[in-house]
$ cat query_4.txt   # compact mmCIF, C-alpha atoms
# COMPACT_ATOMS: atom_id res chain seq x y z
CA MET A 1 26.47 -41.51 99.99
CA ALA A 2 22.89 -40.38 99.84
CA ARG A 3 21.58 -39.45 96.45
CA ARG A 4 20.34 -35.91 95.95
CA VAL A 5 16.69 -35.78 95.14
CA ALA A 6 15.93 -33.16 92.50
CA ALA A 7 13.27 -30.63 93.39
CA PRO A 8 10.06 -31.16 91.43
CA PRO A 9 9.77 -28.76 88.47
CA ARG A 10 7.40 -25.86 88.79
CA ARG A 11 4.01 -26.67 87.37
CA ILE A 12 3.95 -24.26 84.47
CA ALA A 13 0.33 -25.14 83.73
CA PHE A 14 -0.70 -23.25 86.86
CA ALA A 15 1.31 -20.11 86.07
CA PRO A 16 -0.66 -16.85 85.82
CA ARG A 17 -1.74 -16.15 82.26
CA LEU A 18 -2.06 -12.74 80.61
CA VAL A 19 -4.13 -12.60 77.42
CA ILE A 20 -3.82 -9.62 75.07
CA MET A 21 -6.80 -9.24 72.74
CA ALA A 22 -5.55 -8.30 69.27
CA LYS A 23 -7.06 -7.56 65.88
CA SER A 24 -5.17 -7.60 62.62
CA PRO A 25 -4.21 -3.94 61.98
CA VAL A 26 -6.24 -3.58 58.78
CA ALA A 27 -8.41 -0.60 57.82
CA GLY A 28 -12.09 -1.41 58.22
CA LEU A 29 -11.40 -4.14 60.78
CA VAL A 30 -9.87 -2.24 63.68
CA LYS A 31 -10.37 1.27 65.12
CA ARG A 32 -13.19 2.10 62.71
CA ARG A 33 -14.65 4.85 64.87
CA LEU A 34 -11.25 6.41 65.45
CA GLY A 35 -10.56 6.09 61.71
CA ARG A 36 -13.70 8.05 60.87
CA GLU A 37 -12.55 10.85 63.15
CA ILE A 38 -8.79 11.08 62.53
CA GLY A 39 -8.47 9.12 59.27
CA ASP A 40 -7.80 5.45 58.62
CA VAL A 41 -4.05 5.93 58.16
CA GLY A 42 -3.59 7.62 61.53
CA ALA A 43 -5.88 5.14 63.28
CA ILE A 44 -4.05 2.09 61.88
CA ARG A 45 -0.64 3.56 62.65
CA PHE A 46 -1.75 4.22 66.20
CA TYR A 47 -3.17 0.73 66.69
CA ARG A 48 -0.21 -1.07 65.12
CA SER A 49 2.23 0.84 67.34
CA CYS A 50 0.11 0.47 70.47
CA LEU A 51 -0.26 -3.27 69.91
CA ALA A 52 3.47 -3.75 69.37
CA HIS A 53 4.41 -1.72 72.44
CA THR A 54 1.80 -3.49 74.58
CA VAL A 55 3.03 -6.95 73.62
CA LEU A 56 6.72 -6.16 73.99
CA ARG A 57 6.21 -4.30 77.27
CA LEU A 58 4.03 -6.91 78.96
CA ALA A 59 5.39 -10.15 77.49
CA ALA A 60 8.89 -9.47 78.79
CA ASP A 61 7.74 -9.79 82.40
CA PRO A 62 8.55 -13.23 83.86
CA ARG A 63 5.78 -13.06 86.47
CA TRP A 64 3.19 -14.35 84.00
CA ARG A 65 2.92 -16.12 80.66
CA THR A 66 1.59 -13.99 77.84
CA VAL A 67 -0.82 -15.13 75.12
CA LEU A 68 -1.97 -13.17 72.08
CA ALA A 69 -5.64 -13.82 71.27
CA VAL A 70 -6.13 -13.03 67.59
CA THR A 71 -9.04 -12.09 65.36
CA PRO A 72 -9.77 -12.94 62.62
CA ASP A 73 -8.80 -16.53 63.32
CA LYS A 74 -7.08 -16.94 59.95
CA ASP A 75 -4.42 -14.42 61.02
CA VAL A 76 -3.38 -16.28 64.17
CA ALA A 77 0.05 -17.00 62.68
CA SER A 78 0.35 -13.83 60.61
CA ARG A 79 3.53 -11.79 60.78
CA ILE A 80 1.54 -8.55 60.68
CA LEU A 81 0.78 -9.17 64.36
CA PRO A 82 3.98 -8.46 66.29
CA ALA A 83 4.88 -10.90 69.05
CA PRO A 84 8.07 -12.59 70.30
CA ARG A 85 8.32 -16.34 69.86
CA ARG A 86 7.79 -16.93 73.57
CA VAL A 87 4.30 -15.44 73.29
CA GLY A 88 1.64 -18.04 72.60
CA ARG A 89 -1.20 -17.40 70.16
CA LEU A 90 -4.84 -18.41 70.20
CA PRO A 91 -7.75 -17.64 67.87
CA GLN A 92 -10.54 -15.66 69.51
CA GLY A 93 -13.26 -17.51 67.63
CA SER A 94 -16.68 -16.15 66.71
CA GLY A 95 -19.29 -14.18 68.62
CA ASN A 96 -19.38 -10.89 70.46
CA LEU A 97 -16.63 -9.76 72.81
CA GLY A 98 -18.17 -11.52 75.79
CA ARG A 99 -18.43 -14.88 74.04
CA ARG A 100 -14.86 -14.61 72.81
CA MET A 101 -13.47 -13.73 76.25
CA GLN A 102 -15.50 -16.49 77.93
CA ARG A 103 -14.09 -18.98 75.43
CA LEU A 104 -10.54 -17.86 76.24
CA PHE A 105 -11.07 -18.11 79.99
CA ARG A 106 -12.36 -21.67 79.56
CA ARG A 107 -9.64 -22.72 77.12
CA LEU A 108 -6.57 -21.61 79.08
CA PRO A 109 -4.74 -24.06 81.37
CA PRO A 110 -5.69 -23.94 85.08
CA GLY A 111 -4.66 -20.91 87.10
CA PRO A 112 -5.52 -17.21 87.38
CA ALA A 113 -5.97 -15.37 84.09
CA ILE A 114 -6.26 -11.75 83.05
CA ILE A 115 -7.43 -10.36 79.71
CA VAL A 116 -6.46 -6.86 78.54
CA GLY A 117 -7.06 -4.81 75.43
CA SER A 118 -4.38 -3.73 72.98
CA ASP A 119 -5.35 -0.06 72.64
CA ILE A 120 -4.34 1.34 76.04
CA PRO A 121 -1.20 3.49 75.58
CA ALA A 122 -0.59 3.96 79.32
CA ILE A 123 -0.65 0.29 80.32
CA LEU A 124 2.43 -0.90 82.22
CA PRO A 125 3.58 -4.21 83.72
CA SER A 126 2.96 -2.71 87.15
CA HIS A 127 -0.77 -2.43 86.32
CA VAL A 128 -0.93 -6.12 85.42
CA ALA A 129 1.11 -7.15 88.47
CA GLN A 130 -1.23 -5.20 90.73
CA ALA A 131 -4.26 -6.83 89.10
CA PHE A 132 -2.85 -10.32 89.67
CA LYS A 133 -2.15 -9.38 93.29
CA LEU A 134 -5.77 -8.26 93.71
CA LEU A 135 -6.96 -11.46 92.07
CA GLY A 136 -5.17 -13.41 94.79
CA ARG A 137 -7.87 -12.31 97.23
CA ALA A 138 -10.87 -11.96 94.92
CA ASP A 139 -12.98 -13.98 92.52
CA ALA A 140 -12.60 -11.35 89.82
CA VAL A 141 -10.79 -8.10 89.12
CA LEU A 142 -11.85 -5.36 86.71
CA GLY A 143 -9.96 -2.35 85.37
CA PRO A 144 -12.47 0.46 84.68
CA ALA A 145 -12.16 2.67 81.62
CA HIS A 146 -13.29 6.30 81.41
CA ASP A 147 -16.11 5.51 78.97
CA GLY A 148 -17.96 3.10 81.27
CA GLY A 149 -16.29 -0.02 79.93
CA TYR A 150 -13.17 -1.75 81.18
CA TRP A 151 -9.67 -2.35 79.90
CA LEU A 152 -8.92 -5.41 82.04
CA ILE A 153 -10.79 -8.36 83.47
CA GLY A 154 -9.31 -11.18 85.50
CA LEU A 155 -10.84 -14.35 86.91
CA ARG A 156 -9.39 -16.66 89.52
CA ARG A 157 -11.04 -19.61 87.69
CA SER A 158 -11.11 -21.73 90.81
CA PRO A 159 -13.04 -23.78 91.83
CA ARG A 160 -14.82 -23.01 88.53
CA VAL A 161 -14.76 -20.49 85.71
CA LEU A 162 -17.29 -17.73 86.30
CA ALA A 163 -19.50 -16.53 83.43
CA PRO A 164 -19.86 -12.74 83.85
CA PHE A 165 -20.67 -11.69 80.28
CA ALA A 166 -24.33 -12.62 79.71
CA GLY A 167 -26.35 -9.68 78.41
CA VAL A 168 -23.50 -7.16 78.68
CA ARG A 169 -24.05 -4.08 76.52
CA TRP A 170 -20.72 -3.70 74.78
CA SER A 171 -19.25 -0.56 73.17
CA GLY A 172 -21.16 1.76 75.46
CA PRO A 173 -21.32 3.24 78.95
CA HIS A 174 -22.90 0.16 80.56
CA ALA A 175 -20.34 -2.60 80.01
CA LEU A 176 -18.69 -2.31 83.43
CA ALA A 177 -21.98 -2.00 85.31
CA ASP A 178 -23.52 -4.96 83.46
CA THR A 179 -20.50 -7.16 84.16
CA LEU A 180 -20.47 -6.19 87.84
CA ALA A 181 -24.17 -7.05 88.04
CA ASN A 182 -23.40 -10.51 86.66
CA LEU A 183 -20.77 -10.90 89.40
CA ASN A 184 -23.16 -9.99 92.19
CA GLY A 185 -22.38 -12.06 95.26
CA LYS A 186 -18.77 -12.61 94.24
CA ARG A 187 -15.75 -10.79 95.63
CA VAL A 188 -14.72 -8.27 92.98
CA LEU A 189 -11.86 -5.77 93.27
CA LEU A 190 -11.03 -2.89 90.94
CA ALA A 191 -7.70 -2.09 89.31
CA PRO A 192 -6.76 1.53 88.45
CA THR A 193 -8.78 3.34 85.80
CA LEU A 194 -7.08 3.67 82.41
CA ARG A 195 -8.25 4.96 79.05
CA ASP A 196 -8.58 3.01 75.85
CA VAL A 197 -8.47 5.02 72.63
CA ASP A 198 -11.60 4.69 70.50
CA THR A 199 -12.36 8.34 69.73
CA SER A 200 -10.52 11.48 68.70
CA GLU A 201 -11.29 12.94 72.13
CA ALA A 202 -9.61 9.99 73.85
CA TYR A 203 -6.76 10.26 71.36
CA ARG A 204 -6.27 13.93 72.28
CA ASP A 205 -6.45 13.15 75.99
CA GLU A 206 -3.81 10.43 75.56
CA ARG A 207 -1.87 12.47 73.01
CA VAL A 208 1.50 12.33 74.75
CA SER A 209 1.41 8.55 75.10
CA ALA A 210 -0.17 7.95 71.69
CA GLU A 211 2.21 10.19 69.75
CA ARG A 212 5.19 8.63 71.50
CA LEU A 213 4.02 5.25 70.19
CA ILE A 214 3.41 6.49 66.64
CA SER A 215 6.39 8.77 66.14
CA PRO A 216 9.34 8.08 68.47
CA PRO A 217 11.49 11.21 68.89
CA ARG A 218 14.50 11.33 66.60
CA LEU A 219 17.94 12.16 67.85
CA LYS A 220 19.19 15.47 66.58
CA ARG A 221 22.45 15.39 64.71
CA ALA A 222 25.23 17.27 66.37
CA ARG A 223 26.36 20.32 64.47
CA ARG A 224 29.88 20.31 63.19
CA ALA A 225 32.17 22.84 64.76
$ encode --input "query_4.txt" --output "structure tokens"
Amino acid sequence: MARRVAAPPRRIAFAPRLVIMAKSPVAGLVKRRLGREIGDVGAIRFYRSCLAHTVLRLAADPRWRTVLAVTPDKDVASRILPAPRRVGRLPQGSGNLGRRMQRLFRRLPPGPAIIVGSDIPAILPSHVAQAFKLLGRADAVLGPAHDGGYWLIGLRRSPRVLAPFAGVRWSGPHALADTLANLNGKRVLLAPTLRDVDTSEAYRDERVSAERLISPPRLKRARRA
């Protein structure tokens, strides 16, 4: 009787990776501009809730492996950063946002990778799935934000890891344009435009989503007859 030959296991190392950039939810470290406009308490509550919902919502999807990239590095194992056990953790390291993201893209195992922020209330697994699908026929994918930046960047990382962050003007209206300029000559596709929440105006515009994260509706008690 012929022996059954077991199918080779799937090479997990080449699975798509989703990285969520996260800061410890501490006043003065995260959402400083929003804190100046709506108060530190409201800003931290918003960020803590948005981070938790983002991780739980996206990490549950089996189509990719989720990693939480943490700053400051000393908090990489801290319990104040919510994440299921199946979610890996990495320190972001030092430097500006571009240097930290480049380091993550180079450090991850082989395969396509996407990095997203943790302050986008409207983000859904379908957005990430669409971005990975776009990345299947592009060198890079970017998710524009309303302020001229972007909430998502993905790189195919094959045959090599691109370096699109040199000279990018962060925290302003030029980040997307500068990154696209660095990717000139490469095939770049765009994901849907979403809004990150850095200002009170953005908070108001995303009020329905943001308030749902901060204060989930309570069930009303039934009146006794």
$ residues_around --input "query_4.txt" --residues "Arg79 (chain A)" --least-positions-apart "5" --cutoff "12 Å" --atoms "all atoms listed in the file" --output "PDB file with C-alpha atoms, in the coordinates of the input"
ATOM      1  CA  SER A  24      -5.170  -7.600  62.620  1.00  0.00           C
ATOM      2  CA  PRO A  25      -4.210  -3.940  61.980  1.00  0.00           C
ATOM      3  CA  ALA A  52       3.470  -3.750  69.370  1.00  0.00           C
ATOM      4  CA  VAL A  70      -6.130 -13.030  67.590  1.00  0.00           C
ATOM      5  CA  LYS A  74      -7.080 -16.940  59.950  1.00  0.00           C
ATOM      6  CA  PRO A  84       8.070 -12.590  70.300  1.00  0.00           C
ATOM      7  CA  ARG A  85       8.320 -16.340  69.860  1.00  0.00           C
ATOM      8  CA  ARG A  89      -1.200 -17.400  70.160  1.00  0.00           C
TER       9      ARG A  89
END
$ residues_around --input "query_4.txt" --residues "Asp40 (chain A)" --least-positions-apart "3" --cutoff "12 Å" --atoms "all atoms listed in the file" --output "NGL selection string"
:A and (25-37 or 43-48)
$ atom_distance --input "query_4.txt" --atom1 "CA of Ser171 (chain A)" --atom2 "CA of His146 (chain A)"
12.3 Å
$ closest_residue --input "query_4.txt" --among "A:Leu180, A:Leu194, A:Leu56, A:Ala175" --to "Leu97 (chain A)" --atoms "all atoms listed in the file"
A:Ala175
$ residues_around --input "query_4.txt" --residues "Arg99 (chain A)" --least-positions-apart "4" --cutoff "12 Å" --atoms "all atoms listed in the file" --output "list in words"
Gln92, Gly93, Ser94, Gly95, Arg103, Leu104, Phe105, Arg106, Ala163, Pro164, Phe165, Ala166, Gly167, Val168 and Trp170 of chain A
$ closest_atom_pairs --input "query_4.txt" --of "region 67-186 of chain A" --to "region 199-202 of chain A" --cutoff "12 Å" --atoms "only C-alpha atoms" --output "JSON lines"
{"residue": "A:Asp119", "atom": "CA", "partner": "A:Ala202", "partner_atom": "CA", "distance": 11.0}
{"residue": "A:Ile120", "atom": "CA", "partner": "A:Ala202", "partner_atom": "CA", "distance": 10.4}
{"residue": "A:Pro121", "atom": "CA", "partner": "A:Ala202", "partner_atom": "CA", "distance": 10.8}
{"residue": "A:Ala145", "atom": "CA", "partner": "A:Ala202", "partner_atom": "CA", "distance": 11.0}
{"residue": "A:His146", "atom": "CA", "partner": "A:Ala202", "partner_atom": "CA", "distance": 9.2}
{"residue": "A:Asp147", "atom": "CA", "partner": "A:Ala202", "partner_atom": "CA", "distance": 9.4}
{"residue": "A:Ser171", "atom": "CA", "partner": "A:Thr199", "partner_atom": "CA", "distance": 11.8}
$ closest_residue --input "query_4.txt" --among "A:Cys50, A:Ala122, A:Val67, A:Val76" --to "Asp205 (chain A)" --atoms "all atoms listed in the file"
A:Ala122
$ atom_distance --input "query_4.txt" --atom1 "CA of Pro112 (chain A)" --atom2 "CA of Leu155 (chain A)"
6.1 Å
